[in-house]
Each structure stands twice: as structure tokens, then as C-alpha cells.
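J.: Just so it is clear, I am handing over query-v1.cif, which has mmCIF, C-alpha atoms.
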```cif
data_my_file
loop_
_atom_site.group_PDB
_atom_site.id
_atom_site.type_symbol
_atom_site.label_atom_id
_atom_site.label_comp_id
_atom_site.auth_asym_id
_atom_site.auth_seq_id
_atom_site.Cartn_x
_atom_site.Cartn_y
_atom_site.Cartn_z
ATOM 1 C CA MET A 15 -10.185 16.635 -54.568
ATOM 2 C CA ARG A 16 -8.051 14.179 -52.607
ATOM 3 C CA ASP A 17 -4.977 14.623 -50.427
ATOM 4 C CA PHE A 18 -2.485 11.737 -50.635
ATOM 5 C CA GLY A 19 -0.513 12.722 -47.563
ATOM 6 C CA THR A 20 1.960 14.938 -49.404
ATOM 7 C CA GLY A 21 -0.029 18.144 -49.092
ATOM 8 C CA VAL A 22 -0.835 17.931 -52.806
ATOM 9 C CA THR A 23 -4.335 17.333 -54.042
ATOM 10 C CA MET A 24 -5.337 15.367 -57.119
ATOM 11 C CA ALA A 25 -6.802 18.540 -58.617
ATOM 12 C CA ILE A 26 -3.358 20.156 -58.585
ATOM 13 C CA VAL A 27 -1.717 17.049 -60.024
ATOM 14 C CA LEU A 28 -4.158 16.973 -62.913
ATOM 15 C CA SER A 29 -3.630 20.628 -63.753
ATOM 16 C CA ARG A 30 0.158 20.364 -63.828
ATOM 17 C CA ASN A 31 0.297 17.258 -66.027
ATOM 18 C CA SER A 32 -2.682 17.925 -68.285
ATOM 19 C CA PRO A 33 -2.684 16.813 -71.945
ATOM 20 C CA SER A 34 -2.377 20.436 -73.072
ATOM 21 C CA ARG A 35 1.093 20.600 -71.508
ATOM 22 C CA MET A 36 2.614 17.754 -73.538
ATOM 23 C CA ASN A 37 2.639 16.275 -77.042
ATOM 24 C CA ASP A 38 0.228 13.594 -78.190
ATOM 25 C CA GLN A 39 2.881 10.854 -78.100
ATOM 26 C CA GLU A 40 3.703 11.428 -74.439
ATOM 27 C CA TRP A 41 0.030 11.551 -73.469
ATOM 28 C CA ARG A 42 -0.601 8.253 -75.284
ATOM 29 C CA ILE A 43 2.305 6.565 -73.477
ATOM 30 C CA ARG A 44 1.095 7.972 -70.162
ATOM 31 C CA GLN A 45 -2.313 6.401 -70.757
ATOM 32 C CA GLU A 46 -0.752 3.059 -71.712
ATOM 33 C CA LEU A 47 1.479 3.092 -68.633
ATOM 34 C CA ALA A 48 -1.422 3.960 -66.331
ATOM 35 C CA CYS A 49 -3.393 1.135 -67.964
ATOM 36 C CA CYS A 50 -0.540 -1.256 -67.138
ATOM 37 C CA TYR A 51 -0.640 -0.230 -63.486
ATOM 38 C CA ARG A 52 -4.365 -0.965 -63.394
ATOM 39 C CA ALA A 53 -3.735 -4.329 -65.089
ATOM 40 C CA PHE A 54 -1.288 -5.185 -62.278
ATOM 41 C CA VAL A 55 -4.133 -4.553 -59.829
ATOM 42 C CA HIS A 56 -6.514 -6.721 -61.859
ATOM 43 C CA TYR A 57 -4.128 -9.684 -61.902
ATOM 44 C CA GLY A 58 -3.069 -9.340 -58.272
ATOM 45 C CA TRP A 59 0.544 -8.420 -58.982
ATOM 46 C CA THR A 60 0.738 -5.446 -56.615
ATOM 47 C CA ASP A 61 2.716 -5.072 -53.394
ATOM 48 C CA LEU A 62 1.142 -2.125 -51.545
ATOM 49 C CA ILE A 63 2.879 1.024 -52.868
ATOM 50 C CA PHE A 64 6.033 -0.865 -53.819
ATOM 51 C CA THR A 65 7.355 -2.176 -57.160
ATOM 52 C CA HIS A 66 7.231 -0.047 -60.259
ATOM 53 C CA ILE A 67 6.592 0.100 -64.000
ATOM 54 C CA SER A 68 8.307 2.610 -66.263
ATOM 55 C CA ALA A 69 8.106 3.821 -69.841
ATOM 56 C CA ARG A 70 10.657 5.873 -71.735
ATOM 57 C CA VAL A 71 9.427 9.343 -72.657
ATOM 58 C CA PRO A 72 8.940 9.448 -76.455
ATOM 59 C CA GLY A 73 11.750 11.369 -78.094
ATOM 60 C CA GLN A 74 13.787 11.536 -74.857
ATOM 61 C CA SER A 75 16.305 8.715 -74.554
ATOM 62 C CA ASP A 76 17.286 9.633 -70.984
ATOM 63 C CA GLN A 77 13.872 10.345 -69.440
ATOM 64 C CA TYR A 78 11.178 8.006 -68.219
ATOM 65 C CA LEU A 79 7.718 8.000 -66.649
ATOM 66 C CA ILE A 80 7.056 6.076 -63.437
ATOM 67 C CA ASN A 81 4.519 5.811 -60.611
ATOM 68 C CA PRO A 82 4.345 8.509 -57.945
ATOM 69 C CA TYR A 83 5.900 6.969 -54.842
ATOM 70 C CA GLY A 84 3.207 6.552 -52.218
ATOM 71 C CA LEU A 85 0.177 5.867 -54.397
ATOM 72 C CA LEU A 86 -1.538 2.514 -54.732
ATOM 73 C CA PHE A 87 -1.593 1.249 -58.302
ATOM 74 C CA ASP A 88 -5.347 1.772 -58.616
ATOM 75 C CA GLU A 89 -4.799 5.484 -57.876
ATOM 76 C CA ILE A 90 -2.412 5.996 -60.760
ATOM 77 C CA THR A 91 -3.592 7.930 -63.787
ATOM 78 C CA ALA A 92 -1.986 9.285 -66.927
ATOM 79 C CA SER A 93 -1.705 12.749 -65.416
ATOM 80 C CA ASN A 94 -0.166 11.913 -62.031
ATOM 81 C CA LEU A 95 2.735 9.832 -63.355
ATOM 82 C CA ILE A 96 6.043 11.546 -62.659
ATOM 83 C CA LYS A 97 8.778 12.229 -65.206
ATOM 84 C CA VAL A 98 12.403 11.629 -64.194
ATOM 85 C CA ASP A 99 15.733 11.869 -66.013
ATOM 86 C CA PHE A 100 18.553 9.340 -65.722
ATOM 87 C CA ALA A 101 20.367 11.594 -63.252
ATOM 88 C CA GLY A 102 17.421 11.236 -60.880
ATOM 89 C CA ASN A 103 16.057 14.742 -61.344
ATOM 90 C CA LEU A 104 12.290 15.137 -61.107
ATOM 91 C CA ILE A 105 11.236 16.877 -64.330
ATOM 92 C CA SER A 106 7.494 16.955 -63.713
ATOM 93 C CA GLY A 107 5.094 15.674 -61.111
ATOM 94 C CA ASP A 108 4.158 16.406 -57.511
ATOM 95 C CA TYR A 109 5.339 13.269 -55.750
ATOM 96 C CA PRO A 110 8.755 12.013 -54.604
ATOM 97 C CA VAL A 111 10.935 9.658 -56.635
ATOM 98 C CA ASN A 112 11.457 6.132 -55.316
ATOM 99 C CA ASP A 113 15.270 5.912 -55.186
ATOM 100 C CA ALA A 114 15.385 2.142 -55.642
ATOM 101 C CA GLY A 115 12.901 2.355 -58.490
ATOM 102 C CA HIS A 116 14.917 5.095 -60.158
ATOM 103 C CA LEU A 117 18.167 3.190 -60.020
ATOM 104 C CA ILE A 118 16.593 -0.018 -61.329
ATOM 105 C CA HIS A 119 14.703 1.560 -64.215
ATOM 106 C CA SER A 120 17.373 4.027 -65.282
ATOM 107 C CA ALA A 121 19.994 1.247 -65.282
ATOM 108 C CA VAL A 122 17.852 -1.081 -67.388
ATOM 109 C CA LEU A 123 16.687 1.590 -69.836
ATOM 110 C CA ASP A 124 20.240 2.860 -70.190
ATOM 111 C CA ALA A 125 21.572 -0.657 -70.846
ATOM 112 C CA ARG A 126 18.790 -1.526 -73.294
ATOM 113 C CA THR A 127 18.365 1.408 -75.653
ATOM 114 C CA ASP A 128 16.102 -0.804 -77.802
ATOM 115 C CA VAL A 129 13.423 -1.157 -75.110
ATOM 116 C CA ASN A 130 10.955 1.428 -73.865
ATOM 117 C CA ALA A 131 9.233 -0.259 -70.920
ATOM 118 C CA VAL A 132 10.373 -2.000 -67.731
ATOM 119 C CA LEU A 133 8.068 -3.934 -65.371
ATOM 120 C CA HIS A 134 9.044 -5.130 -61.892
ATOM 121 C CA SER A 135 6.937 -7.284 -59.562
ATOM 122 C CA HIS A 136 7.055 -8.898 -56.119
ATOM 123 C CA THR A 137 4.368 -11.539 -56.618
ATOM 124 C CA ARG A 138 4.124 -14.551 -54.343
ATOM 125 C CA ALA A 139 4.803 -17.029 -57.149
ATOM 126 C CA GLY A 140 7.569 -14.937 -58.670
ATOM 127 C CA MET A 141 9.318 -14.552 -55.330
ATOM 128 C CA ALA A 142 8.892 -18.263 -54.601
ATOM 129 C CA VAL A 143 10.585 -19.318 -57.846
ATOM 130 C CA SER A 144 13.270 -16.669 -57.293
ATOM 131 C CA CYS A 145 14.190 -18.596 -54.120
ATOM 132 C CA MET A 146 14.458 -21.973 -55.884
ATOM 133 C CA PRO A 147 17.969 -23.079 -56.924
ATOM 134 C CA CYS A 148 16.454 -24.936 -59.897
ATOM 135 C CA GLY A 149 15.301 -21.674 -61.463
ATOM 136 C CA LEU A 150 12.436 -21.768 -63.960
ATOM 137 C CA LEU A 151 11.636 -25.402 -64.762
ATOM 138 C CA PRO A 152 10.848 -26.301 -68.410
ATOM 139 C CA ILE A 153 7.581 -28.021 -67.521
ATOM 140 C CA THR A 154 4.912 -25.833 -69.141
ATOM 141 C CA GLN A 155 4.435 -24.296 -72.540
ATOM 142 C CA GLN A 156 4.683 -20.799 -71.055
ATOM 143 C CA ALA A 157 7.905 -21.632 -69.236
ATOM 144 C CA ASN A 158 9.403 -23.062 -72.401
ATOM 145 C CA GLU A 159 8.298 -20.106 -74.524
ATOM 146 C CA MET A 160 10.178 -17.896 -72.055
ATOM 147 C CA ARG A 161 13.165 -20.233 -71.794
ATOM 148 C CA GLY A 162 15.394 -18.314 -74.184
ATOM 149 C CA LEU A 163 14.150 -14.922 -73.009
ATOM 150 C CA VAL A 164 14.608 -15.106 -69.245
ATOM 151 C CA GLY A 165 17.815 -14.874 -67.276
ATOM 152 C CA THR A 166 18.675 -14.756 -63.580
ATOM 153 C CA HIS A 167 20.364 -12.105 -61.529
ATOM 154 C CA LYS A 168 21.906 -12.398 -58.078
ATOM 155 C CA TYR A 169 20.017 -9.524 -56.603
ATOM 156 C CA GLY A 170 21.118 -7.366 -53.698
ATOM 157 C CA PHE A 171 19.300 -5.000 -51.371
ATOM 158 C CA VAL A 172 18.785 -1.951 -53.552
ATOM 159 C CA THR A 173 18.136 1.500 -52.226
ATOM 160 C CA ASN A 174 20.999 3.571 -53.564
ATOM 161 C CA ASP A 175 23.628 1.027 -54.633
ATOM 162 C CA GLU A 176 24.553 2.152 -58.150
ATOM 163 C CA ASP A 177 27.030 -0.715 -58.651
ATOM 164 C CA GLU A 178 24.288 -3.263 -58.020
ATOM 165 C CA CYS A 179 21.924 -1.558 -60.430
ATOM 166 C CA GLU A 180 24.572 -1.327 -63.138
ATOM 167 C CA ALA A 181 25.042 -5.080 -62.690
ATOM 168 C CA LEU A 182 21.296 -5.449 -63.190
ATOM 169 C CA GLY A 183 21.634 -3.562 -66.454
ATOM 170 C CA ARG A 184 24.325 -5.982 -67.598
ATOM 171 C CA SER A 185 22.154 -8.969 -66.723
ATOM 172 C CA ILE A 186 19.287 -7.784 -68.939
ATOM 173 C CA VAL A 187 21.415 -6.968 -72.006
ATOM 174 C CA GLU A 188 20.531 -10.112 -73.954
ATOM 175 C CA LYS A 189 17.300 -11.036 -72.147
ATOM 176 C CA TRP A 190 13.676 -9.915 -72.093
ATOM 177 C CA ALA A 191 12.978 -10.933 -68.503
ATOM 178 C CA LEU A 192 14.879 -11.672 -65.318
ATOM 179 C CA ILE A 193 14.281 -13.740 -62.229
ATOM 180 C CA LEU A 194 15.855 -11.611 -59.511
ATOM 181 C CA GLU A 195 17.080 -14.195 -57.030
ATOM 182 C CA ASN A 196 15.348 -13.998 -53.642
ATOM 183 C CA HIS A 197 13.455 -10.929 -54.841
ATOM 184 C CA GLY A 198 11.009 -11.095 -57.740
ATOM 185 C CA LEU A 199 10.553 -10.700 -61.490
ATOM 186 C CA LEU A 200 11.414 -8.108 -64.120
ATOM 187 C CA SER A 201 10.497 -7.808 -67.793
ATOM 188 C CA VAL A 202 11.265 -5.366 -70.592
ATOM 189 C CA GLY A 203 9.725 -4.598 -73.957
ATOM 190 C CA ARG A 204 9.903 -2.330 -76.955
ATOM 191 C CA THR A 205 6.340 -1.433 -76.050
ATOM 192 C CA ILE A 206 4.446 -1.550 -72.779
ATOM 193 C CA GLY A 207 2.287 -4.300 -74.248
ATOM 194 C CA GLU A 208 5.311 -6.448 -75.093
ATOM 195 C CA ALA A 209 6.760 -6.083 -71.589
ATOM 196 C CA PHE A 210 3.359 -6.951 -70.107
ATOM 197 C CA TYR A 211 3.096 -10.040 -72.293
ATOM 198 C CA PHE A 212 6.484 -11.331 -71.109
ATOM 199 C CA MET A 213 5.579 -10.646 -67.473
ATOM 200 C CA TYR A 214 2.245 -12.453 -67.866
ATOM 201 C CA MET A 215 3.900 -15.510 -69.409
ATOM 202 C CA LEU A 216 6.629 -15.633 -66.768
ATOM 203 C CA GLU A 217 4.244 -15.079 -63.871
ATOM 204 C CA ASN A 218 1.937 -17.879 -65.026
ATOM 205 C CA ALA A 219 4.877 -20.237 -65.489
ATOM 206 C CA CYS A 220 5.979 -19.449 -61.929
ATOM 207 C CA LYS A 221 2.485 -20.073 -60.541
ATOM 208 C CA VAL A 222 2.268 -23.517 -62.119
ATOM 209 C CA GLN A 223 5.795 -24.401 -61.010
ATOM 210 C CA VAL A 224 4.952 -23.520 -57.402
ATOM 211 C CA ASP A 225 1.809 -25.686 -57.615
ATOM 212 C CA VAL A 226 3.704 -28.644 -59.066
ATOM 213 C CA VAL A 227 6.521 -28.405 -56.520
ATOM 214 C CA ALA A 228 3.979 -28.143 -53.683
ATOM 215 C CA SER A 229 2.149 -31.252 -54.927
ATOM 216 C CA GLY A 230 5.178 -33.392 -54.233
ATOM 217 C CA GLN A 231 4.794 -35.118 -57.602
ATOM 218 C CA GLN A 232 7.743 -35.521 -59.931
ATOM 219 C CA PRO A 233 6.977 -33.205 -62.858
ATOM 220 C CA ILE A 234 6.849 -34.465 -66.422
ATOM 221 C CA THR A 235 9.600 -32.779 -68.403
ATOM 222 C CA PRO A 236 9.296 -32.676 -72.212
ATOM 223 C CA ASP A 237 12.191 -33.992 -74.251
ATOM 224 C CA GLU A 238 14.907 -31.503 -75.127
ATOM 225 C CA SER A 239 13.933 -31.179 -78.775
ATOM 226 C CA THR A 240 10.379 -30.216 -77.800
ATOM 227 C CA ILE A 241 11.653 -27.727 -75.238
ATOM 228 C CA GLN A 242 13.928 -26.168 -77.837
ATOM 229 C CA SER A 243 11.176 -25.984 -80.449
ATOM 230 C CA ILE A 244 8.854 -24.180 -78.035
ATOM 231 C CA SER A 245 11.677 -21.884 -76.965
ATOM 232 C CA ASP A 246 12.381 -20.990 -80.600
ATOM 233 C CA TYR A 247 8.671 -20.347 -81.115
ATOM 234 C CA GLY A 248 8.676 -17.919 -78.194
ATOM 235 C CA MET A 249 11.446 -15.728 -79.574
ATOM 236 C CA PRO A 250 10.048 -12.295 -80.524
ATOM 237 C CA PRO A 251 10.602 -10.813 -84.001
ATOM 238 C CA PRO A 252 13.805 -8.749 -84.194
ATOM 239 C CA ASP A 253 12.130 -5.539 -85.315
ATOM 240 C CA LYS A 254 8.786 -5.387 -83.471
ATOM 241 C CA PRO A 255 6.661 -7.138 -80.820
ATOM 242 C CA SER A 256 4.896 -10.341 -81.804
ATOM 243 C CA CYS A 257 1.307 -10.190 -82.984
ATOM 244 C CA TYR A 258 0.375 -12.139 -79.833
ATOM 245 C CA ALA A 259 1.816 -9.417 -77.606
ATOM 246 C CA ASP A 260 0.020 -6.687 -79.553
ATOM 247 C CA MET A 261 -3.318 -8.510 -79.596
ATOM 248 C CA SER A 262 -3.067 -9.343 -75.899
ATOM 249 C CA TRP A 263 -2.354 -5.727 -74.993
ATOM 250 C CA GLU A 264 -5.315 -4.508 -77.053
ATOM 251 C CA ALA A 265 -7.505 -6.955 -75.121
ATOM 252 C CA ILE A 266 -6.082 -5.803 -71.771
ATOM 253 C CA THR A 267 -6.767 -2.178 -72.714
ATOM 254 C CA ARG A 268 -10.379 -3.014 -73.556
ATOM 255 C CA LEU A 269 -10.745 -4.812 -70.230
ATOM 256 C CA MET A 270 -9.327 -1.894 -68.239
ATOM 257 C CA ASP A 271 -11.604 0.512 -70.109
ATOM 258 C CA LYS A 272 -14.609 -1.598 -69.138
ATOM 259 C CA LYS A 273 -13.512 -1.915 -65.510
ATOM 260 C CA ASP A 274 -12.514 1.700 -64.830
ATOM 261 C CA PRO A 275 -11.389 4.107 -67.568
ATOM 262 C CA SER A 276 -10.347 6.731 -64.995
ATOM 263 C CA TYR A 277 -6.713 5.722 -65.578
ATOM 264 C CA ARG A 278 -6.903 7.750 -68.816
ATOM 265 C CA ASN A 279 -7.415 11.041 -66.938
#
```
Have the structure of the file written as C-alpha cells, please.
T.:
Amino acid sequence: MRDFGTGVTMAIVLSRNSPSRMNDQEWRIRQELACCYRAFVHYGWTDLIFTHISARVPGQSDQYLINPYGLLFDEITASNLIKVDFAGNLISGDYPVNDAGHLIHSAVLDARTDVNAVLHSHTRAGMAVSCMPCGLLPITQQANEMRGLVGTHKYGFVTNDEDECEALGRSIVEKWALILENHGLLSVGRTIGEAFYFMYMLENACKVQVDVVASGQQPITPDESTIQSISDYGMPPPDKPSCYADMSWEAITRLMDKKDPSYRN
């Protein structure tokens, strides 16, 4: 039994959001979302208790699951995720809603009715590239695979600015990832695994770009036809995630199960 500073113990959280209180589809998505939080820890993409990952509640177009504000990502489990509607009402859970997180995720999920997951990060490499006027350089295979999928957004300080978050929704309409200028990265997907795959590709591209820029060497840039071919290759199928996204997510799930399966509780 553990108190997280809210006067609520883990034992209470588990009893209120137990599998018996929801359908199988919601419990499965809760486990996948908790797995994604643990994967963020594994890859070093966390920022204390800040940033957030959400998943739309199955069968509920205007409700989503998100991390309890105040917990580290390695404390998140399927049962302590909170459920929120697009109006910002807490439907279930024993922790407060992060206002900035709510406005970001509700805006994106509302703008993209075809996606069910939104990932947001403040990684060092992602923030570094978000501060570069050149944007994402087409110098690696991963950057070029993401070339047609990633956009940019002139990001503002978001706590309760609905206009800014609606603008964020407009920026993601035809994209699968965003570089939020001077802020960080964001990705979306029809599944949690697809959103994770896009975030992984974009994050790695940013890491290499930072290394190349720091080296002081002039990067080799492929010719435009090669860049375009790789970009076309990276486009996801119109009706489902790519097999690469699905296979990668299955591998990540196996890894998290080996490391610490407590996220499934």
C-alpha cells in the first residue's frame, strides 16, 4: 500500500479501476497504454512527472485514458490510469487531471477522429531539433521515412489556452507527428503501437541530427529522388498500421513483460 501524496493509496486505486469494472476492450487498451509509459522509461524519454500519453476509450469517441498527474511513468499501471472526457471531466480515477495534458490530447483526438493514441515527449534531442530553424534534416533513413509524416507547429505556453490547443489540432490534421517548435515532439496513431513507432523513428532521427550538427561536419544529403523514395516507403497503409509498427510493438510488449510486468495490474 503506497501513498502518492494525494491521500489515496495504491490499494484504493486498484479497487476502483479493477478489470471487473470495465469491458475487456478497455482493460486491454489500459494495459497497452501502461506498457507504453514503461517503454518511455526504458528509452529515457521521460521528464519527471511531465509529458503524457493518451489512448481513446474503446467505443467512446469523446473519452480518453491518460496518466495520473503526479506519478512517475514507472509507477503507472493499467488500473491507475484516469479516464477523462473532452469537456475535462474526470470520469474515473483518483488523481487530478493535468490541464495542459487535457487540452493537448482532447484537441488532437477531436481533430483526428481516425487516431486513437497521442504521445508527447520532452526529450533532449527532440527539444534540440525543435529549436533549430532548419527543422528535421533529410540526412538519415529514419528522418526520410518520417519526412512526409511530420509537420511543425509554432507552439505556445500551454496551460489553459484553448485557442492554442485548437491550433495544435489543426496542425496535426494531415500529419502523423509534429515537431513542436521550442518544445518537443508529438506523434499519433490508430493504435498505441503505431504512435510509438512514429515517435521512435522521429526521436532517433533527432538524436542523429543533433550528433551531426555538434560534430561540425557538413552532413551528406541524399539526392532528392532518393529522399522522395524513402519518404514514399515510410507512408503507412491507409486502413491499418504497417506490419513494421505492429511487429515492433509486439517486441516492445515482450520486452516490458520481461523487465517488469507490473504495468498490467
J.: Any chance you could resolve the PyMOL selection byres ((chain A and resi 128) around 12) against this file and give the residues as a PyMOL selection string?
T.: chain A and resi 70+75+122-127+129-132+186-190+202-205+252-255
J.: Apply the PyMOL selection byres ((chain A and resi 40) around 10) to the displayed file and report the matching residues as an NGL selection string.
T.: :A and (33 or 35-39 or 41-46 or 69-73 or 79 or 92)
J.: Write the residues of the preceding selection, restricted to C-alpha atoms, as a PDB file, keeping the file's coordinate frame.
T.:
```pdb
ATOM      1  CA  PRO A  33      -2.684  16.813 -71.945  1.00  0.00           C
ATOM      2  CA  ARG A  35       1.093  20.600 -71.508  1.00  0.00           C
ATOM      3  CA  MET A  36       2.614  17.754 -73.538  1.00  0.00           C
ATOM      4  CA  ASN A  37       2.639  16.275 -77.042  1.00  0.00           C
ATOM      5  CA  ASP A  38       0.228  13.594 -78.190  1.00  0.00           C
ATOM      6  CA  GLN A  39       2.881  10.854 -78.100  1.00  0.00           C
ATOM      7  CA  TRP A  41       0.030  11.551 -73.469  1.00  0.00           C
ATOM      8  CA  ARG A  42      -0.601   8.253 -75.284  1.00  0.00           C
ATOM      9  CA  ILE A  43       2.305   6.565 -73.477  1.00  0.00           C
ATOM     10  CA  ARG A  44       1.095   7.972 -70.162  1.00  0.00           C
ATOM     11  CA  GLN A  45      -2.313   6.401 -70.757  1.00  0.00           C
ATOM     12  CA  GLU A  46      -0.752   3.059 -71.712  1.00  0.00           C
ATOM     13  CA  ALA A  69       8.106   3.821 -69.841  1.00  0.00           C
ATOM     14  CA  ARG A  70      10.657   5.873 -71.735  1.00  0.00           C
ATOM     15  CA  VAL A  71       9.427   9.343 -72.657  1.00  0.00           C
ATOM     16  CA  PRO A  72       8.940   9.448 -76.455  1.00  0.00           C
ATOM     17  CA  GLY A  73      11.750  11.369 -78.094  1.00  0.00           C
ATOM     18  CA  LEU A  79       7.718   8.000 -66.649  1.00  0.00           C
ATOM     19  CA  ALA A  92      -1.986   9.285 -66.927  1.00  0.00           C
TER      20      ALA A  92
END
```
J.: Which polymer residues have any atom within 12 Å of an atom of Leu269 (chain A), counting only C-alpha atoms, with same-chain residues fewer than 2 positions away left out, as a PyMOL selection string?
T.: chain A and resi 49-50+52-53+56-57+262-267+271-275
J.: Care to translate the PyMOL selection byres ((chain A and resi 104) around 12) into actual residues of this file, as a ChimeraX atom specification?
T.: /A:77-80,82,95-103,105-113,116
J.: Can you measure CA of Trp59 (chain A) to CA of Thr137 (chain A) for me? One decimal in Å is fine.
T.: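 Computing the Euclidean distance for CA of Trp59 (chain A) and CA of Thr137 (chain A) yields 5.5 Å.
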J.: Set the distance at 9 Å and use only C-alpha atoms: which residues neighbour Gly115 (chain A) once local chain neighbours fewer than 3 positions away are removed? I'd like the list as a list in words.
T.: Phe64, Thr65, His66, Ile67, Ile80, Val111, Asn112, Ile118, His119, Ser120, Val172 and Thr173 of chain A
J.: Report, in Å with one decimal, the straight-line distance from CA of Cys257 (chain A) to CA of Met213 (chain A).
T.: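 So the answer is 16.1 Å.
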J.: Just to confirm, what's the straight-line distance from CA of Phe210 (chain A) to CA of Gly165 (chain A) in Å (one decimal)?
T.: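 Straight-line distance from CA of Phe210 (chain A) to CA of Gly165 (chain A) works out to 16.7 Å.
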J.: Determine the nearest neighbour of Ile244 (chain A) from the options A:Asn279, A:Ser185, A:Ser256, A:Asn158, counting all atoms listed in the file.
T.: A:Asn158
J.: If we count all atoms listed in the file, what is near region 217-220 of chain A at a cut-off of 8 Å, once residues fewer than 6 positions away on the same chain are taken out, given as an MDAnalysis selection string?
T.: chainID A and resid 139:140 142:143 150 154 156:157
J.: Give me the residues near region 230-235 of chain A as a ChimeraX atom specification, where near means some atom within 12 Å (using only C-alpha atoms) and where sequence neighbours in that chain fewer than 6 positions away do not count.
T.: /A:151-155,157-158,222-224,241
